[in-house]
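Comments concern the structure below.
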Amino acid sequence: MQNKNRFMPLLMALCIVIGILIGTFYANHLSGNRLSIINSSGNKLNSLLQIVNDQYVDTVNMEDLVEGAMPLILSELDPHSVYISAKDVQIANDDLKGSFSGVGIEFTIRQDTVRVQNVISNGPSERAGLIAGDKIVSIDDQPFVGKIVTNEEAMHRLKGPKDTKVKIGVIRYGEKKVKYFTVTRGEIPIKSITAAYMLDDNTGYIRIKNFGENTYPEMLVALAQLSQQGFTNLTIDLRGNTGGYLASAVQIVNEFLPKNSLIVYTEGRKSDRQEYRSNGNGSYQRIPLVVLIDEGSASASEILAGAIQDNDRGTIIGRRSFGKGLVQQPLSFADGSMIRLTIARYYTPSGRCIQKPYSSGSDQDYESDLMTRYQHGEYFSQDSIKHTGPAYHTLKEQRTVYGGGGITPDIFVPEDTLGVTSYYKEAAMTGLILQFAYSYTDENRAKLSTYKDAKALAAYLQKQNTVELFANYADKNGLKRRNLLIQKSHKLLERFVNSRIIYNMMSEQAWLEYLNTDDPVIDATLKLFRENKAFPVNEEREEKSQKKVAVGTPAHVPYMFQWKRMSAMT
């Protein structure tokens, strides 16, 4: 404790000096995106570090001192300015770059062992002979089991430069001897769009997981596929999408807006207002559109949803989004580390900033905001939503929208808690359901592989009494059987267990197809399209509706009032 107190004044002084250095660099309009320390006699930081290194009473690891100070400085600014060490930069960027160099497997860790969950089709591992279910026990002739096995260490050993080789030893289900495969690493694509299929005869569905470098071209491919299937309505699912590149979100919104529509603008103390507008070349400017959001939708997701909502171009369905309206710029250091520094705020077309409130420094209220919303009942009642910002109005219909805390959906759909029990919560939160689903998949892979689509596999699983099998498994692994609670949560347990088995055997799209079949948000979406209430009105169906009035049906209510009435009832 005494040593910790002795270092505190030094650490505080170092933090202040580093903060001044970063501010000075940015104020001097650095060109490019690389920061470096200027080695001059007038540089106070270098002078301070040299004095500490030469004269301090004890030996100090200067590298560790600086690495520890950087995150503390940035945490005093806002919740989203961060420091990323050199060893973590690649991991931080991989998801957004659209690809990385590796072996092409999706794995999970069970009982201190890496287990291959899926093998990327036509990827390096599949070509070498690995299959789903293999347990990796060695890498490059070095044992890889036990406490050393972590996600980070596994990725470190399996990833590597393209065309390099890695020798992987696996134990295959039903066999005892280790089998060895030499895998030549290659470029592994990371998909931003994880599902694109038809919800019904008219409605296309696209799930965007994040906004990376390749999200826009992936979107065009998905739209082309749906066009071949004749979609006339479109649902874009952004639930759980934490964001990514602003440019990708802007490109996608451009497909749906008429020329010169404002999509978003950014502005900061040292960043002049920059507007992003549509160019009028979008191919889907009139298709009825719904965007799905929830409390996990943030940043670029909110840019897309806000642009669609403020331009009265589509209907937003779900729950209030996260509320991240700060723009970060990546700035790299010579050693490969980087910071993501907040340089501006972004504003939706109506002029609202949807950044939720925060205080500088470590803000516990900000970090616990989603849990606070849950406790206040916001996930279950629209009346519980607390708007902290001023009211604005959409550009065409002049509907009221709010700033200062995420995008509030046009149609609120509460979280479904029917059947949630303490047993279900513990089963989900302890990871037992995931563990059981993997074990069941592994033991029944041959039979499960005979089913080629999610619907057929789901029908088979429904006959296998997987909830009872799970309850037995859980009871042996620390979760005491509670028959009444299991019965009450039966539907939720079956849905969770079966969905993970489908995911293990097939793909994320198959998993989503299964989950969407009884999703209340999807049900609300399809109802909206069937009733012709999505922005904009499908003119052909509107004309048919008008014709029905002439033969004695109730008078047609103007579209604007239909939307208002439906919103009030929800």
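Just remember, in the structure tokens the first chain shown is A, the second B, etc., residues are 1-based per chain, and ligands are 1-based in the order shown.
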Using only C-alpha atoms, which residues sit within 9 Å of Asp453 (chain A) once same-chain residues fewer than 5 positions away are excluded, as number ranges by chain? A: 458, 506, 510
Selection near Leu220 (chain A), 10 Å with only C-alpha atoms, sequence-local residues under 6 positions removed, as JSON, numbers by chain: {"A": [226, 252, 255, 283]}
Between region 181-265 of chain A and region 338-356 of chain A, at 7 Å or less, what are the per-residue closest atom pairs and their distances in Å? Count only C-alpha atoms, order by chain and rising residue number, and return it as a tab-separated table.
residue	atom	partner	partner_atom	distance
A:Leu262	CA	A:Pro349	CA	5.6
A:Ile263	CA	A:Pro349	CA	5.9
A:Val264	CA	A:Thr348	CA	4.9
A:Tyr265	CA	A:Tyr347	CA	5.3
Any idea what's packed within 8 Å of Gly406 (chain A), counting only C-alpha atoms, ignoring anything in its chain fewer than 2 positions away? Could you give it as a list in words? Ala298, Glu302, Arg320, Ser321, Phe322, Gly323, Lys324, Ile354, Gln355, Lys356, Gly403, Gly404 and Thr408 of chain A
Neighbouring residues of Lys135 (chain A) were defined as those with any atom within 12 Å, considering only C-alpha atoms; residues of the same chain fewer than 5 positions away were excluded. Please report them as a PyMOL selection string. chain A and resi 105+107-118+130+144-145+168-180+442
Any idea what's packed within 9 Å of Leu199 (chain A), counting only C-alpha atoms, ignoring anything in its chain fewer than 2 positions away? Could you give it as a PyMOL selection string? chain A and resi 197+201-205+235+513+516-517+522+526
According to DSSP computed on the backbone, where in region 98-262 of chain A is there alpha helix (DSSP H)? Give the residues as an NGL selection string. :A and (124-128 or 151-158 or 215-228 or 246-254)
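Closest to Glu378 (chain A) among A:Pro79, A:Pro217, A:Gly318, A:Gly186 is A:Gly318, based on only C-alpha atoms.
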Might you pull out every residue within 10 Å of His393 (chain A), with only C-alpha atoms counted and same-chain residues fewer than 2 positions away left off, and present them as a list in words? Asp310, Asn311, Pro349, Ser350, Gly351, Arg352, Ala391, Leu395, Lys396, Glu397, Gln398, Arg399, Thr400, Val401 and Tyr402 of chain A
DSSP on the backbone, strand (DSSP E or B) only: what residues of region 181-262 of chain A does that give? Format it as an mmCIF file with all heavy atoms, in the first residue's frame.
data_model
loop_
_atom_site.group_PDB
_atom_site.id
_atom_site.type_symbol
_atom_site.label_atom_id
_atom_site.label_comp_id
_atom_site.auth_asym_id
_atom_site.auth_seq_id
_atom_site.Cartn_x
_atom_site.Cartn_y
_atom_site.Cartn_z
ATOM 1 N N PHE A 181 -2.928 -32.020 -38.839
ATOM 2 C CA PHE A 181 -3.234 -31.358 -40.100
ATOM 3 C C PHE A 181 -2.336 -30.127 -40.228
ATOM 4 O O PHE A 181 -2.198 -29.356 -39.262
ATOM 5 C CB PHE A 181 -4.701 -30.929 -40.149
ATOM 6 C CG PHE A 181 -5.665 -32.063 -40.012
ATOM 7 C CD1 PHE A 181 -6.107 -32.479 -38.752
ATOM 8 C CD2 PHE A 181 -6.139 -32.732 -41.131
ATOM 9 C CE1 PHE A 181 -6.999 -33.516 -38.619
ATOM 10 C CE2 PHE A 181 -7.037 -33.779 -41.007
ATOM 11 C CZ PHE A 181 -7.466 -34.184 -39.747
ATOM 12 N N THR A 182 -1.768 -29.952 -41.393
ATOM 13 C CA THR A 182 -0.989 -28.740 -41.671
ATOM 14 C C THR A 182 -1.861 -27.793 -42.480
ATOM 15 O O THR A 182 -2.279 -28.114 -43.595
ATOM 16 C CB THR A 182 0.297 -29.060 -42.447
ATOM 17 O OG1 THR A 182 1.112 -29.933 -41.645
ATOM 18 C CG2 THR A 182 1.091 -27.780 -42.738
ATOM 19 N N VAL A 183 -2.154 -26.646 -41.871
ATOM 20 C CA VAL A 183 -3.064 -25.675 -42.481
ATOM 21 C C VAL A 183 -2.264 -24.481 -42.983
ATOM 22 O O VAL A 183 -1.441 -23.924 -42.244
ATOM 23 C CB VAL A 183 -4.118 -25.204 -41.458
ATOM 24 C CG1 VAL A 183 -5.083 -24.209 -42.107
ATOM 25 C CG2 VAL A 183 -4.885 -26.395 -40.886
ATOM 26 N N THR A 184 -2.477 -24.112 -44.229
ATOM 27 C CA THR A 184 -1.857 -22.913 -44.794
ATOM 28 C C THR A 184 -2.805 -21.733 -44.597
ATOM 29 O O THR A 184 -3.913 -21.716 -45.146
ATOM 30 C CB THR A 184 -1.559 -23.094 -46.290
ATOM 31 O OG1 THR A 184 -0.701 -24.223 -46.458
ATOM 32 C CG2 THR A 184 -0.872 -21.847 -46.854
ATOM 33 N N GLY A 186 -4.819 -18.308 -44.730
ATOM 34 C CA GLY A 186 -5.287 -17.510 -45.860
ATOM 35 C C GLY A 186 -6.172 -16.380 -45.386
ATOM 36 O O GLY A 186 -6.436 -16.230 -44.190
ATOM 37 N N GLU A 187 -6.665 -15.584 -46.325
ATOM 38 C CA GLU A 187 -7.561 -14.480 -45.996
ATOM 39 C C GLU A 187 -8.944 -15.035 -45.669
ATOM 40 O O GLU A 187 -9.557 -15.732 -46.486
ATOM 41 C CB GLU A 187 -7.659 -13.489 -47.160
ATOM 42 C CG GLU A 187 -6.436 -12.596 -47.318
ATOM 43 C CD GLU A 187 -6.217 -11.688 -46.111
ATOM 44 O OE1 GLU A 187 -7.190 -11.038 -45.670
ATOM 45 O OE2 GLU A 187 -5.083 -11.650 -45.603
ATOM 46 N N ILE A 188 -9.415 -14.707 -44.478
ATOM 47 C CA ILE A 188 -10.714 -15.192 -44.018
ATOM 48 C C ILE A 188 -11.694 -14.025 -44.009
ATOM 49 O O ILE A 188 -11.491 -13.044 -43.292
ATOM 50 C CB ILE A 188 -10.612 -15.785 -42.600
ATOM 51 C CG1 ILE A 188 -9.482 -16.812 -42.523
ATOM 52 C CG2 ILE A 188 -11.947 -16.380 -42.195
ATOM 53 C CD1 ILE A 188 -9.618 -17.971 -43.481
ATOM 54 N N PRO A 189 -12.748 -14.091 -44.803
ATOM 55 C CA PRO A 189 -13.713 -12.981 -44.811
ATOM 56 C C PRO A 189 -14.514 -12.925 -43.523
ATOM 57 O O PRO A 189 -14.827 -13.947 -42.923
ATOM 58 C CB PRO A 189 -14.616 -13.309 -46.009
ATOM 59 C CG PRO A 189 -14.521 -14.797 -46.151
ATOM 60 C CD PRO A 189 -13.132 -15.172 -45.720
ATOM 61 N N ILE A 193 -22.981 -8.714 -42.950
ATOM 62 C CA ILE A 193 -24.373 -9.104 -43.159
ATOM 63 C C ILE A 193 -24.469 -10.610 -42.990
ATOM 64 O O ILE A 193 -23.917 -11.373 -43.780
ATOM 65 C CB ILE A 193 -24.875 -8.648 -44.534
ATOM 66 C CG1 ILE A 193 -24.936 -7.121 -44.552
ATOM 67 C CG2 ILE A 193 -26.234 -9.257 -44.867
ATOM 68 C CD1 ILE A 193 -25.410 -6.511 -45.827
ATOM 69 N N THR A 194 -25.148 -11.024 -41.920
ATOM 70 C CA THR A 194 -25.143 -12.433 -41.553
ATOM 71 C C THR A 194 -26.413 -13.169 -41.969
ATOM 72 O O THR A 194 -26.495 -14.384 -41.777
ATOM 73 C CB THR A 194 -24.957 -12.568 -40.029
ATOM 74 O OG1 THR A 194 -25.973 -11.813 -39.353
ATOM 75 C CG2 THR A 194 -23.594 -12.046 -39.613
ATOM 76 N N ALA A 195 -27.385 -12.448 -42.520
ATOM 77 C CA ALA A 195 -28.602 -13.110 -42.997
ATOM 78 C C ALA A 195 -29.283 -12.236 -44.032
ATOM 79 O O ALA A 195 -29.345 -11.013 -43.889
ATOM 80 C CB ALA A 195 -29.560 -13.401 -41.838
ATOM 81 N N ALA A 196 -29.782 -12.880 -45.074
ATOM 82 C CA ALA A 196 -30.589 -12.199 -46.093
ATOM 83 C C ALA A 196 -31.536 -13.244 -46.680
ATOM 84 O O ALA A 196 -31.109 -14.147 -47.393
ATOM 85 C CB ALA A 196 -29.711 -11.592 -47.178
ATOM 86 N N TYR A 197 -32.808 -13.129 -46.342
ATOM 87 C CA TYR A 197 -33.779 -14.118 -46.819
ATOM 88 C C TYR A 197 -35.169 -13.492 -46.776
ATOM 89 O O TYR A 197 -35.349 -12.370 -46.302
ATOM 90 C CB TYR A 197 -33.718 -15.395 -45.974
ATOM 91 C CG TYR A 197 -34.269 -15.268 -44.579
ATOM 92 C CD1 TYR A 197 -35.568 -15.709 -44.278
ATOM 93 C CD2 TYR A 197 -33.516 -14.719 -43.537
ATOM 94 C CE1 TYR A 197 -36.082 -15.600 -42.998
ATOM 95 C CE2 TYR A 197 -34.027 -14.614 -42.256
ATOM 96 C CZ TYR A 197 -35.310 -15.052 -41.988
ATOM 97 O OH TYR A 197 -35.821 -14.944 -40.725
ATOM 98 N N MET A 198 -36.172 -14.234 -47.245
ATOM 99 C CA MET A 198 -37.545 -13.743 -47.301
ATOM 100 C C MET A 198 -38.313 -14.171 -46.053
ATOM 101 O O MET A 198 -38.396 -15.360 -45.731
ATOM 102 C CB MET A 198 -38.241 -14.271 -48.547
ATOM 103 C CG MET A 198 -37.627 -13.813 -49.859
ATOM 104 S SD MET A 198 -37.830 -12.038 -50.174
ATOM 105 C CE MET A 198 -39.593 -11.959 -50.542
ATOM 106 N N THR A 203 -41.733 -9.943 -48.185
ATOM 107 C CA THR A 203 -40.875 -9.186 -47.277
ATOM 108 C C THR A 203 -39.467 -9.746 -47.199
ATOM 109 O O THR A 203 -39.266 -10.874 -46.728
ATOM 110 C CB THR A 203 -41.488 -9.151 -45.859
ATOM 111 O OG1 THR A 203 -42.849 -8.703 -45.951
ATOM 112 C CG2 THR A 203 -40.698 -8.229 -44.954
ATOM 113 N N GLY A 204 -38.508 -8.941 -47.633
ATOM 114 C CA GLY A 204 -37.110 -9.303 -47.498
ATOM 115 C C GLY A 204 -36.580 -8.911 -46.131
ATOM 116 O O GLY A 204 -37.036 -7.929 -45.527
ATOM 117 N N TYR A 205 -35.621 -9.670 -45.657
ATOM 118 C CA TYR A 205 -35.013 -9.436 -44.333
ATOM 119 C C TYR A 205 -33.499 -9.443 -44.478
ATOM 120 O O TYR A 205 -32.919 -10.354 -45.083
ATOM 121 C CB TYR A 205 -35.456 -10.524 -43.364
ATOM 122 C CG TYR A 205 -34.717 -10.551 -42.033
ATOM 123 C CD1 TYR A 205 -35.185 -9.834 -40.929
ATOM 124 C CD2 TYR A 205 -33.558 -11.310 -41.876
ATOM 125 C CE1 TYR A 205 -34.517 -9.877 -39.710
ATOM 126 C CE2 TYR A 205 -32.882 -11.360 -40.660
ATOM 127 C CZ TYR A 205 -33.365 -10.644 -39.578
ATOM 128 O OH TYR A 205 -32.698 -10.683 -38.376
ATOM 129 N N ILE A 206 -32.846 -8.406 -43.926
ATOM 130 C CA ILE A 206 -31.386 -8.323 -43.947
ATOM 131 C C ILE A 206 -30.900 -8.008 -42.537
ATOM 132 O O ILE A 206 -31.359 -7.040 -41.926
ATOM 133 C CB ILE A 206 -30.888 -7.251 -44.928
ATOM 134 C CG1 ILE A 206 -31.253 -7.627 -46.368
ATOM 135 C CG2 ILE A 206 -29.382 -7.056 -44.808
ATOM 136 C CD1 ILE A 206 -30.883 -6.569 -47.396
ATOM 137 N N ARG A 207 -29.996 -8.815 -42.044
ATOM 138 C CA ARG A 207 -29.408 -8.600 -40.718
ATOM 139 C C ARG A 207 -28.000 -8.036 -40.881
ATOM 140 O O ARG A 207 -27.142 -8.653 -41.521
ATOM 141 C CB ARG A 207 -29.344 -9.929 -39.976
ATOM 142 C CG ARG A 207 -28.422 -9.959 -38.778
ATOM 143 C CD ARG A 207 -29.019 -9.302 -37.575
ATOM 144 N NE ARG A 207 -28.239 -9.564 -36.366
ATOM 145 C CZ ARG A 207 -28.616 -9.237 -35.145
ATOM 146 N NH1 ARG A 207 -29.788 -8.648 -34.977
ATOM 147 N NH2 ARG A 207 -27.865 -9.478 -34.105
ATOM 148 N N ILE A 208 -27.755 -6.831 -40.331
ATOM 149 C CA ILE A 208 -26.431 -6.210 -40.376
ATOM 150 C C ILE A 208 -25.821 -6.306 -38.989
ATOM 151 O O ILE A 208 -26.335 -5.727 -38.033
ATOM 152 C CB ILE A 208 -26.506 -4.738 -40.829
ATOM 153 C CG1 ILE A 208 -27.239 -4.624 -42.166
ATOM 154 C CG2 ILE A 208 -25.109 -4.160 -40.952
ATOM 155 C CD1 ILE A 208 -27.383 -3.189 -42.667
ATOM 156 N N PHE A 211 -20.881 -2.384 -38.998
ATOM 157 C CA PHE A 211 -20.622 -1.597 -40.199
ATOM 158 C C PHE A 211 -19.112 -1.566 -40.438
ATOM 159 O O PHE A 211 -18.381 -0.796 -39.822
ATOM 160 C CB PHE A 211 -21.176 -0.175 -40.044
ATOM 161 C CG PHE A 211 -22.678 -0.127 -40.031
ATOM 162 C CD1 PHE A 211 -23.380 -0.227 -38.836
ATOM 163 C CD2 PHE A 211 -23.392 -0.012 -41.208
ATOM 164 C CE1 PHE A 211 -24.760 -0.197 -38.808
ATOM 165 C CE2 PHE A 211 -24.783 0.020 -41.197
ATOM 166 C CZ PHE A 211 -25.470 -0.075 -39.994
ATOM 167 N N ASN A 233 -41.239 -5.404 -49.846
ATOM 168 C CA ASN A 233 -41.017 -4.735 -48.562
ATOM 169 C C ASN A 233 -39.634 -5.143 -48.064
ATOM 170 O O ASN A 233 -39.133 -6.214 -48.414
ATOM 171 C CB ASN A 233 -42.043 -5.159 -47.510
ATOM 172 C CG ASN A 233 -43.470 -5.015 -47.978
ATOM 173 O OD1 ASN A 233 -43.836 -3.991 -48.547
ATOM 174 N ND2 ASN A 233 -44.278 -6.039 -47.734
ATOM 175 N N LEU A 234 -39.039 -4.304 -47.209
ATOM 176 C CA LEU A 234 -37.711 -4.636 -46.707
ATOM 177 C C LEU A 234 -37.620 -4.367 -45.212
ATOM 178 O O LEU A 234 -38.064 -3.317 -44.721
ATOM 179 C CB LEU A 234 -36.633 -3.818 -47.431
ATOM 180 C CG LEU A 234 -35.184 -4.076 -46.968
ATOM 181 C CD1 LEU A 234 -34.778 -5.522 -47.240
ATOM 182 C CD2 LEU A 234 -34.221 -3.119 -47.662
ATOM 183 N N THR A 235 -37.031 -5.313 -44.493
ATOM 184 C CA THR A 235 -36.733 -5.174 -43.070
ATOM 185 C C THR A 235 -35.225 -5.218 -42.882
ATOM 186 O O THR A 235 -34.578 -6.178 -43.309
ATOM 187 C CB THR A 235 -37.372 -6.309 -42.258
ATOM 188 O OG1 THR A 235 -38.780 -6.312 -42.498
ATOM 189 C CG2 THR A 235 -37.093 -6.140 -40.775
ATOM 190 N N ILE A 236 -34.662 -4.184 -42.246
ATOM 191 C CA ILE A 236 -33.239 -4.161 -41.909
ATOM 192 C C ILE A 236 -33.121 -4.324 -40.396
ATOM 193 O O ILE A 236 -33.626 -3.500 -39.635
ATOM 194 C CB ILE A 236 -32.566 -2.851 -42.358
ATOM 195 C CG1 ILE A 236 -32.668 -2.694 -43.876
ATOM 196 C CG2 ILE A 236 -31.103 -2.814 -41.922
ATOM 197 C CD1 ILE A 236 -32.087 -1.382 -44.394
ATOM 198 N N ASP A 237 -32.461 -5.375 -39.972
ATOM 199 C CA ASP A 237 -32.342 -5.693 -38.549
ATOM 200 C C ASP A 237 -31.001 -5.199 -38.010
ATOM 201 O O ASP A 237 -29.939 -5.699 -38.380
ATOM 202 C CB ASP A 237 -32.458 -7.212 -38.357
ATOM 203 C CG ASP A 237 -32.656 -7.604 -36.901
ATOM 204 O OD1 ASP A 237 -32.429 -6.751 -36.012
ATOM 205 O OD2 ASP A 237 -33.034 -8.761 -36.648
ATOM 206 N N GLY A 244 -19.699 0.908 -36.063
ATOM 207 C CA GLY A 244 -18.549 0.709 -36.940
ATOM 208 C C GLY A 244 -18.265 1.979 -37.712
ATOM 209 O O GLY A 244 -18.279 3.080 -37.157
ATOM 210 N N LEU A 262 -30.596 15.065 -46.341
ATOM 211 C CA LEU A 262 -29.552 15.041 -45.321
ATOM 212 C C LEU A 262 -29.588 13.699 -44.593
ATOM 213 O O LEU A 262 -30.645 13.253 -44.143
ATOM 214 C CB LEU A 262 -29.767 16.179 -44.322
ATOM 215 C CG LEU A 262 -28.727 16.330 -43.208
ATOM 216 C CD1 LEU A 262 -27.335 16.575 -43.779
ATOM 217 C CD2 LEU A 262 -29.121 17.470 -42.260
#
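Separating CA of Asn465 (chain A) from CA of Ser422 (chain A) is a distance of 21.1 Å.
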Shell of 12 Å around Pro330 (chain A), only C-alpha atoms, local chain residues under 5 positions omitted, as an MDAnalysis selection string: chainID A and resid 32:35 80:84 89 92:93 245 336:343
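Using only C-alpha atoms, the smallest distance between any of A:Gly389, A:Gly123, A:Gly478, A:Gly325 and Asp78 (chain A) comes from A:Gly325.
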If you measure from CA of Val291 (chain A) to CA of Ile316 (chain A), what distance in Å do you get, rounded to one decimal? 4.9 Å
Calculate how many Å separate CA of Gly306 (chain A) from CA of Ala224 (chain A), rounding to one decimal. 24.7 Å
